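Q: So I've got this file, final.cif, and it contains mmCIF, C-alpha atoms and all ligand atoms:
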```cif
data_coords
#
loop_
_atom_site.label_atom_id
_atom_site.label_comp_id
_atom_site.auth_asym_id
_atom_site.auth_seq_id
_atom_site.Cartn_x
_atom_site.Cartn_y
_atom_site.Cartn_z
CA MET A 335 -27.28 -29.02 53.49
CA ASN A 336 -29.97 -28.32 50.92
CA ILE A 337 -33.52 -29.14 51.94
CA VAL A 338 -36.60 -29.21 49.75
CA LEU A 339 -40.08 -28.95 51.30
CA LEU A 340 -42.83 -30.85 49.53
CA GLY A 341 -46.52 -31.00 50.39
CA ILE A 342 -49.90 -29.88 49.15
CA GLN A 343 -51.26 -26.46 49.97
CA GLY A 344 -52.41 -26.60 53.61
CA SER A 345 -49.93 -29.32 54.61
CA GLY A 346 -48.14 -26.84 56.89
CA LYS A 347 -44.99 -25.83 54.97
CA GLY A 348 -45.28 -22.18 55.97
CA THR A 349 -45.94 -22.97 59.62
CA LEU A 350 -43.03 -25.42 59.66
CA VAL A 351 -40.62 -22.85 58.21
CA GLN A 352 -41.85 -20.31 60.77
CA ASP A 353 -41.29 -22.79 63.65
CA LEU A 354 -37.93 -24.02 62.32
CA SER A 355 -36.58 -20.47 62.21
CA LYS A 356 -36.82 -20.34 66.02
CA HIS A 357 -34.49 -23.34 66.37
CA LEU A 358 -32.29 -23.35 63.32
CA ASP A 359 -30.19 -20.89 61.34
CA PHE A 360 -30.94 -21.29 57.63
CA LEU A 361 -31.45 -19.44 54.39
CA LEU A 362 -35.06 -19.65 53.26
CA VAL A 363 -35.52 -19.70 49.50
CA SER A 364 -39.15 -19.12 48.71
CA VAL A 365 -39.84 -18.44 45.05
CA GLY A 366 -42.79 -16.17 45.83
CA SER A 367 -40.80 -13.95 48.17
CA SER A 368 -37.69 -14.03 45.93
CA LEU A 369 -39.77 -12.67 43.06
CA ARG A 370 -41.30 -9.99 45.29
CA ASP A 371 -37.81 -9.05 46.56
CA GLU A 372 -36.60 -8.66 42.98
CA ILE A 373 -39.59 -6.43 42.15
CA ALA A 374 -38.81 -4.30 45.23
CA THR A 375 -35.28 -3.54 43.99
CA GLY A 376 -36.76 -1.77 40.96
CA SER A 377 -34.31 -3.57 38.66
CA LYS A 378 -34.96 -4.26 34.99
CA LEU A 379 -35.58 -7.91 35.85
CA GLY A 380 -37.94 -6.86 38.64
CA LYS A 381 -39.96 -4.74 36.23
CA LEU A 382 -40.21 -7.67 33.81
CA ILE A 383 -41.40 -9.97 36.60
CA LYS A 384 -43.96 -7.40 37.75
CA SER A 385 -45.39 -6.97 34.26
CA LYS A 386 -45.81 -10.75 33.97
CA MET A 387 -47.39 -11.10 37.41
CA ASP A 388 -49.72 -8.14 36.87
CA LYS A 389 -51.04 -9.83 33.74
CA GLY A 390 -51.52 -13.07 35.65
CA GLU A 391 -48.91 -14.82 33.52
CA LEU A 392 -46.56 -17.45 34.86
CA VAL A 393 -43.01 -16.26 35.42
CA ASP A 394 -40.62 -18.26 33.21
CA THR A 395 -38.55 -20.95 34.87
CA ASN A 396 -35.31 -19.25 33.78
CA ILE A 397 -36.34 -16.02 35.50
CA VAL A 398 -37.33 -17.99 38.60
CA MET A 399 -33.90 -19.66 38.49
CA ASP A 400 -32.15 -16.28 38.12
CA THR A 401 -33.76 -14.96 41.27
CA ILE A 402 -32.92 -18.17 43.12
CA ASN A 403 -29.29 -18.01 41.94
CA LYS A 404 -29.09 -14.42 43.10
CA LYS A 405 -30.46 -15.38 46.50
CA LEU A 406 -27.93 -18.21 46.77
CA SER A 407 -24.93 -16.24 45.47
CA ASP A 408 -24.27 -14.26 48.65
CA ASN A 409 -25.46 -16.99 50.98
CA LYS A 410 -23.21 -17.78 53.93
CA LYS A 411 -25.57 -20.16 55.73
CA SER A 412 -24.84 -23.87 55.70
CA ILE A 413 -28.49 -24.89 55.58
CA VAL A 414 -30.74 -23.82 52.71
CA ILE A 415 -34.47 -24.58 52.72
CA PHE A 416 -36.44 -24.38 49.47
CA ASP A 417 -40.12 -23.68 50.14
CA GLY A 418 -42.63 -23.99 47.32
CA PHE A 419 -39.91 -25.00 44.92
CA PRO A 420 -39.40 -27.13 42.87
CA ARG A 421 -42.98 -27.51 41.72
CA SER A 422 -42.36 -29.50 38.54
CA ARG A 423 -39.90 -31.92 36.90
CA GLU A 424 -38.51 -29.03 34.88
CA GLN A 425 -37.80 -27.00 38.01
CA ALA A 426 -36.30 -30.03 39.80
CA ASP A 427 -33.96 -30.57 36.83
CA GLU A 428 -32.87 -26.93 37.07
CA LEU A 429 -32.31 -27.24 40.82
CA ASP A 430 -30.12 -30.33 40.27
CA LYS A 431 -27.88 -28.21 38.03
CA ILE A 432 -27.10 -25.70 40.78
CA CYS A 433 -27.00 -27.86 43.93
CA ASN A 434 -27.46 -31.29 45.45
CA VAL A 435 -30.73 -31.93 47.22
CA ASP A 436 -29.66 -33.62 50.47
CA LEU A 437 -33.08 -33.94 51.98
CA ALA A 438 -36.63 -33.74 50.69
CA ILE A 439 -39.15 -33.37 53.49
CA TYR A 440 -42.55 -34.51 52.37
CA LEU A 441 -45.39 -33.25 54.56
CA ASN A 442 -48.01 -35.88 53.83
CA LEU A 443 -51.59 -34.80 54.42
CA LYS A 444 -54.91 -36.01 53.01
CA LYS A 445 -56.63 -33.60 50.65
CA GLU A 446 -59.73 -33.38 52.87
CA ASP A 447 -57.63 -32.48 55.92
CA ALA A 448 -55.67 -29.91 53.92
CA LEU A 449 -58.88 -28.28 52.72
CA LYS A 450 -60.19 -28.06 56.30
CA ARG A 451 -56.97 -26.32 57.35
CA ILE A 452 -56.98 -23.95 54.39
CA MET A 453 -60.50 -22.83 55.29
CA ASN A 454 -59.38 -22.16 58.88
CA ARG A 455 -56.15 -20.35 57.96
CA LEU A 456 -55.41 -16.69 58.61
CA THR A 457 -52.27 -14.75 57.63
CA CYS A 458 -51.09 -11.47 59.16
CA SER A 459 -51.11 -8.68 56.59
CA LYS A 460 -48.25 -6.95 58.45
CA CYS A 461 -45.73 -9.59 59.60
CA GLY A 462 -46.80 -12.70 57.67
CA ASN A 463 -47.50 -14.73 60.81
CA ILE A 464 -49.72 -17.74 60.10
CA THR A 465 -52.49 -18.61 62.55
CA THR A 466 -56.08 -19.87 62.58
CA ARG A 467 -59.61 -18.58 63.05
CA VAL A 468 -59.99 -20.89 66.05
CA LYS A 469 -56.97 -19.31 67.80
CA CYS A 470 -57.64 -15.71 66.77
CA PRO A 471 -61.38 -15.15 66.23
CA ASP A 472 -60.87 -11.38 66.71
CA LEU A 473 -58.63 -11.28 63.57
CA VAL A 474 -55.80 -9.53 65.47
CA CYS A 475 -52.24 -10.87 65.04
CA PRO A 476 -50.88 -12.11 68.40
CA VAL A 477 -47.32 -11.23 67.27
CA CYS A 478 -47.66 -7.65 65.99
CA ASN A 479 -51.34 -6.66 66.47
CA GLY A 480 -51.69 -6.41 62.69
CA LYS A 481 -54.86 -7.38 60.87
CA LEU A 482 -55.28 -11.08 60.09
CA THR A 483 -56.57 -11.80 56.61
CA VAL A 484 -57.60 -14.74 54.48
CA ARG A 485 -55.17 -15.45 51.65
CA SER A 486 -56.83 -14.76 48.31
CA ASP A 487 -56.03 -18.30 47.14
CA ASP A 488 -57.62 -19.87 50.22
CA THR A 489 -60.99 -20.68 48.68
CA PRO A 490 -62.25 -24.23 48.00
CA GLU A 491 -62.30 -23.55 44.23
CA VAL A 492 -58.72 -22.26 44.03
CA ALA A 493 -57.54 -24.92 46.49
CA ASN A 494 -59.03 -27.70 44.37
CA LYS A 495 -57.37 -26.28 41.26
CA ARG A 496 -54.05 -26.21 43.08
CA PHE A 497 -54.55 -29.78 44.37
CA GLU A 498 -55.02 -30.92 40.78
CA GLN A 499 -51.97 -28.99 39.61
CA TYR A 500 -50.02 -30.48 42.51
CA ARG A 501 -51.13 -34.03 41.58
CA LEU A 502 -49.96 -33.55 38.01
CA GLU A 503 -46.81 -31.45 38.46
CA THR A 504 -45.44 -31.87 41.96
CA GLU A 505 -46.41 -35.39 43.02
CA PRO A 506 -43.99 -37.03 40.57
CA LEU A 507 -41.20 -35.30 42.52
CA ILE A 508 -42.05 -37.37 45.61
CA LYS A 509 -41.26 -40.54 43.65
CA ARG A 510 -38.15 -38.95 42.20
CA TYR A 511 -36.70 -37.96 45.58
CA ARG A 512 -37.75 -41.28 47.14
CA GLU A 513 -35.84 -43.14 44.44
CA SER A 514 -32.75 -41.02 44.95
CA GLY A 515 -32.92 -41.87 48.67
CA VAL A 516 -33.35 -38.36 50.08
CA LEU A 517 -37.08 -38.38 50.83
CA VAL A 518 -38.36 -38.33 54.39
CA GLU A 519 -42.11 -38.59 54.82
CA ILE A 520 -43.67 -36.77 57.76
CA ASP A 521 -47.24 -37.30 58.94
CA ALA A 522 -48.55 -33.74 58.58
CA SER A 523 -51.85 -34.51 60.30
CA LYS A 524 -50.00 -34.22 63.63
CA THR A 525 -49.80 -30.94 65.58
CA PRO A 526 -47.32 -28.27 64.37
CA ASN A 527 -45.14 -29.05 67.39
CA GLU A 528 -45.03 -32.78 66.64
CA VAL A 529 -44.24 -32.08 63.00
CA LEU A 530 -41.46 -29.70 64.06
CA LYS A 531 -39.95 -32.33 66.39
CA ALA A 532 -40.04 -35.00 63.68
CA VAL A 533 -38.38 -32.66 61.17
CA MET A 534 -35.71 -31.49 63.63
CA LYS A 535 -34.76 -35.14 64.25
CA VAL A 536 -34.18 -35.64 60.54
CA ILE A 537 -32.16 -32.45 60.04
CA LYS A 538 -29.82 -32.92 63.02
ZN ZN B 601 -48.45 -9.89 62.60
#
```
What is this file in structure tokens?
A:
Amino acid sequence: MNIVLLGIQGSGKGTLVQDLSKHLDFLLVSVGSSLRDEIATGSKLGKLIKSKMDKGELVDTNIVMDTINKKLSDNKKSIVIFDGFPRSREQADELDKICNVDLAIYLNLKKEDALKRIMNRLTCSKCGNITTRVKCPDLVCPVCNGKLTVRSDDTPEVANKRFEQYRLETEPLIKRYRESGVLVEIDASKTPNEVLKAVMKVIK
């Protein structure tokens, strides 16, 4: 089963993946982490990706696809979840070439609510745990005692830029997956636990 996660920044994709991993065995394909993994291997491709990212340039779709293919090639899990991918029609077309999308989970959240969450969000610099300022005002990770930090793209300016990019590039994918009958819309304004329950119902 191949699952695509859609939703604006702040809609809770990361938290959902984190919560799902406690209940479900799946391969997580996150483009960001796939690219970082490739860089960590020190390969020729990794060096090319690093040079692009260091210059602030976008990594080409074919390179993104290469890293995804690599991640999928030795996969033995029956459930694959794509997080933060596809982000555009072009990427969705490429994904269609390598696998069937069985389910597209759309975490629907109003822009204003997403912005509120983004401003409250903290990420652990050590283990990647996602939490909030309200829960951890002392900035200490409850999982590993690491330091909680604000993601560098969690500012209103960057968030608004990403919302606009999302509206232009990613939103058309919601229509596309709805028309192909695989889209399930989840009310992402609910608590993480309620969202998790709703998603688990759809997957099982
Ligand atoms: Zn931590």
Q: One number please: atom CA of A:Pro490 to atom CA of A:Ile342, in Å, one decimal.
A: 13.6 Å
Q: Set the cut-off to 6 Å, count all atoms listed in the file, and list whatever residues fall near ligand ZN 601 (chain B) as a PyMOL selection string.
A: chain A and resi 458+460-463+475+477-480
Q: Kindly export the residues of the current selection with C-alpha atoms, as a PDB file, in the coordinates of the input.
A:
```pdb
ATOM      1  CA  CYS A 458     -51.090 -11.470  59.160  1.00  0.00           C
ATOM      2  CA  LYS A 460     -48.250  -6.950  58.450  1.00  0.00           C
ATOM      3  CA  CYS A 461     -45.730  -9.590  59.600  1.00  0.00           C
ATOM      4  CA  GLY A 462     -46.800 -12.700  57.670  1.00  0.00           C
ATOM      5  CA  ASN A 463     -47.500 -14.730  60.810  1.00  0.00           C
ATOM      6  CA  CYS A 475     -52.240 -10.870  65.040  1.00  0.00           C
ATOM      7  CA  VAL A 477     -47.320 -11.230  67.270  1.00  0.00           C
ATOM      8  CA  CYS A 478     -47.660  -7.650  65.990  1.00  0.00           C
ATOM      9  CA  ASN A 479     -51.340  -6.660  66.470  1.00  0.00           C
ATOM     10  CA  GLY A 480     -51.690  -6.410  62.690  1.00  0.00           C
TER      11      GLY A 480
END
```
Q: Nearest to A:Val414 among A:Glu372, A:Val351, A:Ile452, A:Phe360, with distances taken over all atoms listed in the file: which residue is it?
A: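 Closest to A:Val414, using all atoms listed in the file: A:Phe360.
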Q: Just to confirm, what's the straight-line distance from atom CA of A:Leu502 to atom CA of A:Arg485 in Å (one decimal)?
A: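 Going from atom CA of A:Leu502 over to atom CA of A:Arg485 covers 23.3 Å.
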Q: Anything within 12 Å of (-29.0, -18.1, 44.1): list those residues as a PDB file with C-alpha atoms, in the frame of the given file, counting all atoms listed in the file and sticking to the file's coordinates.
A:
```
ATOM      1  CA  LEU A 361     -31.450 -19.440  54.390  1.00  0.00           C
ATOM      2  CA  LEU A 362     -35.060 -19.650  53.260  1.00  0.00           C
ATOM      3  CA  VAL A 363     -35.520 -19.700  49.500  1.00  0.00           C
ATOM      4  CA  SER A 364     -39.150 -19.120  48.710  1.00  0.00           C
ATOM      5  CA  VAL A 365     -39.840 -18.440  45.050  1.00  0.00           C
ATOM      6  CA  SER A 368     -37.690 -14.030  45.930  1.00  0.00           C
ATOM      7  CA  ILE A 397     -36.340 -16.020  35.500  1.00  0.00           C
ATOM      8  CA  VAL A 398     -37.330 -17.990  38.600  1.00  0.00           C
ATOM      9  CA  MET A 399     -33.900 -19.660  38.490  1.00  0.00           C
ATOM     10  CA  ASP A 400     -32.150 -16.280  38.120  1.00  0.00           C
ATOM     11  CA  THR A 401     -33.760 -14.960  41.270  1.00  0.00           C
ATOM     12  CA  ILE A 402     -32.920 -18.170  43.120  1.00  0.00           C
ATOM     13  CA  ASN A 403     -29.290 -18.010  41.940  1.00  0.00           C
ATOM     14  CA  LYS A 404     -29.090 -14.420  43.100  1.00  0.00           C
ATOM     15  CA  LYS A 405     -30.460 -15.380  46.500  1.00  0.00           C
ATOM     16  CA  LEU A 406     -27.930 -18.210  46.770  1.00  0.00           C
ATOM     17  CA  SER A 407     -24.930 -16.240  45.470  1.00  0.00           C
ATOM     18  CA  ASP A 408     -24.270 -14.260  48.650  1.00  0.00           C
ATOM     19  CA  ASN A 409     -25.460 -16.990  50.980  1.00  0.00           C
ATOM     20  CA  LYS A 410     -23.210 -17.780  53.930  1.00  0.00           C
ATOM     21  CA  VAL A 414     -30.740 -23.820  52.710  1.00  0.00           C
ATOM     22  CA  PHE A 416     -36.440 -24.380  49.470  1.00  0.00           C
ATOM     23  CA  GLU A 428     -32.870 -26.930  37.070  1.00  0.00           C
ATOM     24  CA  LEU A 429     -32.310 -27.240  40.820  1.00  0.00           C
ATOM     25  CA  LYS A 431     -27.880 -28.210  38.030  1.00  0.00           C
ATOM     26  CA  ILE A 432     -27.100 -25.700  40.780  1.00  0.00           C
ATOM     27  CA  CYS A 433     -27.000 -27.860  43.930  1.00  0.00           C
TER      28      CYS A 433
END
```
Q: Contacts between stretch 343-347 of chain A and stretch 352-458 of chain A, please, where a residue of stretch 352-458 of chain A counts if it comes within 8 Å (with all atoms listed in the file); show its shortest atom pair and distance in Å to one decimal, rows by chain and ascending number, as JSON lines.
A:
```
{"residue": "A:Asp417", "atom": "CA", "partner": "A:Lys347", "partner_atom": "CA", "distance": 7.2}
{"residue": "A:Leu441", "atom": "CA", "partner": "A:Ser345", "partner_atom": "CA", "distance": 6.0}
{"residue": "A:Asn442", "atom": "CA", "partner": "A:Ser345", "partner_atom": "CA", "distance": 6.9}
{"residue": "A:Leu443", "atom": "CA", "partner": "A:Ser345", "partner_atom": "CA", "distance": 5.7}
{"residue": "A:Ala448", "atom": "CA", "partner": "A:Gly344", "partner_atom": "CA", "distance": 4.7}
{"residue": "A:Leu449", "atom": "CA", "partner": "A:Gly344", "partner_atom": "CA", "distance": 6.7}
{"residue": "A:Arg451", "atom": "CA", "partner": "A:Gly344", "partner_atom": "CA", "distance": 5.9}
{"residue": "A:Ile452", "atom": "CA", "partner": "A:Gly344", "partner_atom": "CA", "distance": 5.3}
```
Q: Any idea what the distance is between atom CA of A:Ile464 and atom CA of A:Asp488?
A: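 So the two atoms, atom CA of A:Ile464 and atom CA of A:Asp488, lie 12.8 Å apart.
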Q: Mind checking which residues fall within 10 Å of A:Glu505, counting only C-alpha atoms, ignoring those fewer than 3 positions away in the same chain, and posting them as number ranges by chain?
A: A: 340-342, 421-423, 497-502, 508-510
Q: Need to verify the contact set: A:Leu456, 6 Å, all atoms listed in the file, exclusion of same-chain residues closer than 2 positions in sequence. Can you return it as a PyMOL selection string?
A: chain A and resi 464-466+482-484
Q: Please, could you write that set of residues out with C-alpha atoms as an mmCIF file, keeping the file's coordinate frame?
A:
```cif
data_model
loop_
_atom_site.group_PDB
_atom_site.id
_atom_site.type_symbol
_atom_site.label_atom_id
_atom_site.label_comp_id
_atom_site.auth_asym_id
_atom_site.auth_seq_id
_atom_site.Cartn_x
_atom_site.Cartn_y
_atom_site.Cartn_z
ATOM 1 C CA ILE A 464 -49.720 -17.740 60.100
ATOM 2 C CA THR A 465 -52.490 -18.610 62.550
ATOM 3 C CA THR A 466 -56.080 -19.870 62.580
ATOM 4 C CA LEU A 482 -55.280 -11.080 60.090
ATOM 5 C CA THR A 483 -56.570 -11.800 56.610
ATOM 6 C CA VAL A 484 -57.600 -14.740 54.480
#
```
Q: Find the residues around A:Arg512 up to 12 Å (all atoms listed in the file counted), leave out those fewer than 2 positions away in its own chain, and share them as a PyMOL selection string.
A: chain A and resi 340+435-440+505-510+514-519
Q: For A:Ile520, which residue out of A:Val474, A:Ile337, A:Ala374, A:Val533 is the nearest one, using all atoms listed in the file?
A: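 Of all the options, A:Val533 lies closest to A:Ile520.
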Q: Using only C-alpha atoms, which of the listed residues (A:Leu379, A:Met453, A:Val393, A:Leu530) sits closest to A:Lys356?
A: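 With only C-alpha atoms as the atom set, the closest residue is A:Leu530.
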Q: Could you pull the residues within 8 Å of A:Ile383, counting all atoms listed in the file, minus those fewer than 2 positions along the same chain, as an mmCIF file with C-alpha atoms, keeping the file's coordinate frame?
A:
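This is the output file part-v8.cif:
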```
data_model
loop_
_atom_site.group_PDB
_atom_site.id
_atom_site.type_symbol
_atom_site.label_atom_id
_atom_site.label_comp_id
_atom_site.auth_asym_id
_atom_site.auth_seq_id
_atom_site.Cartn_x
_atom_site.Cartn_y
_atom_site.Cartn_z
ATOM 1 C CA LEU A 369 -39.770 -12.670 43.060
ATOM 2 C CA ILE A 373 -39.590 -6.430 42.150
ATOM 3 C CA LEU A 379 -35.580 -7.910 35.850
ATOM 4 C CA GLY A 380 -37.940 -6.860 38.640
ATOM 5 C CA LYS A 381 -39.960 -4.740 36.230
ATOM 6 C CA SER A 385 -45.390 -6.970 34.260
ATOM 7 C CA LYS A 386 -45.810 -10.750 33.970
ATOM 8 C CA MET A 387 -47.390 -11.100 37.410
ATOM 9 C CA VAL A 393 -43.010 -16.260 35.420
ATOM 10 C CA ILE A 397 -36.340 -16.020 35.500
#
```
Q: Of the candidates A:Ser367, A:Asn336, A:Lys450, A:Asp427, which one gets nearest to A:Arg467 if we count only C-alpha atoms?
A: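 Ranking A:Ser367, A:Asn336, A:Lys450, A:Asp427 by distance to A:Arg467, first place goes to A:Lys450.
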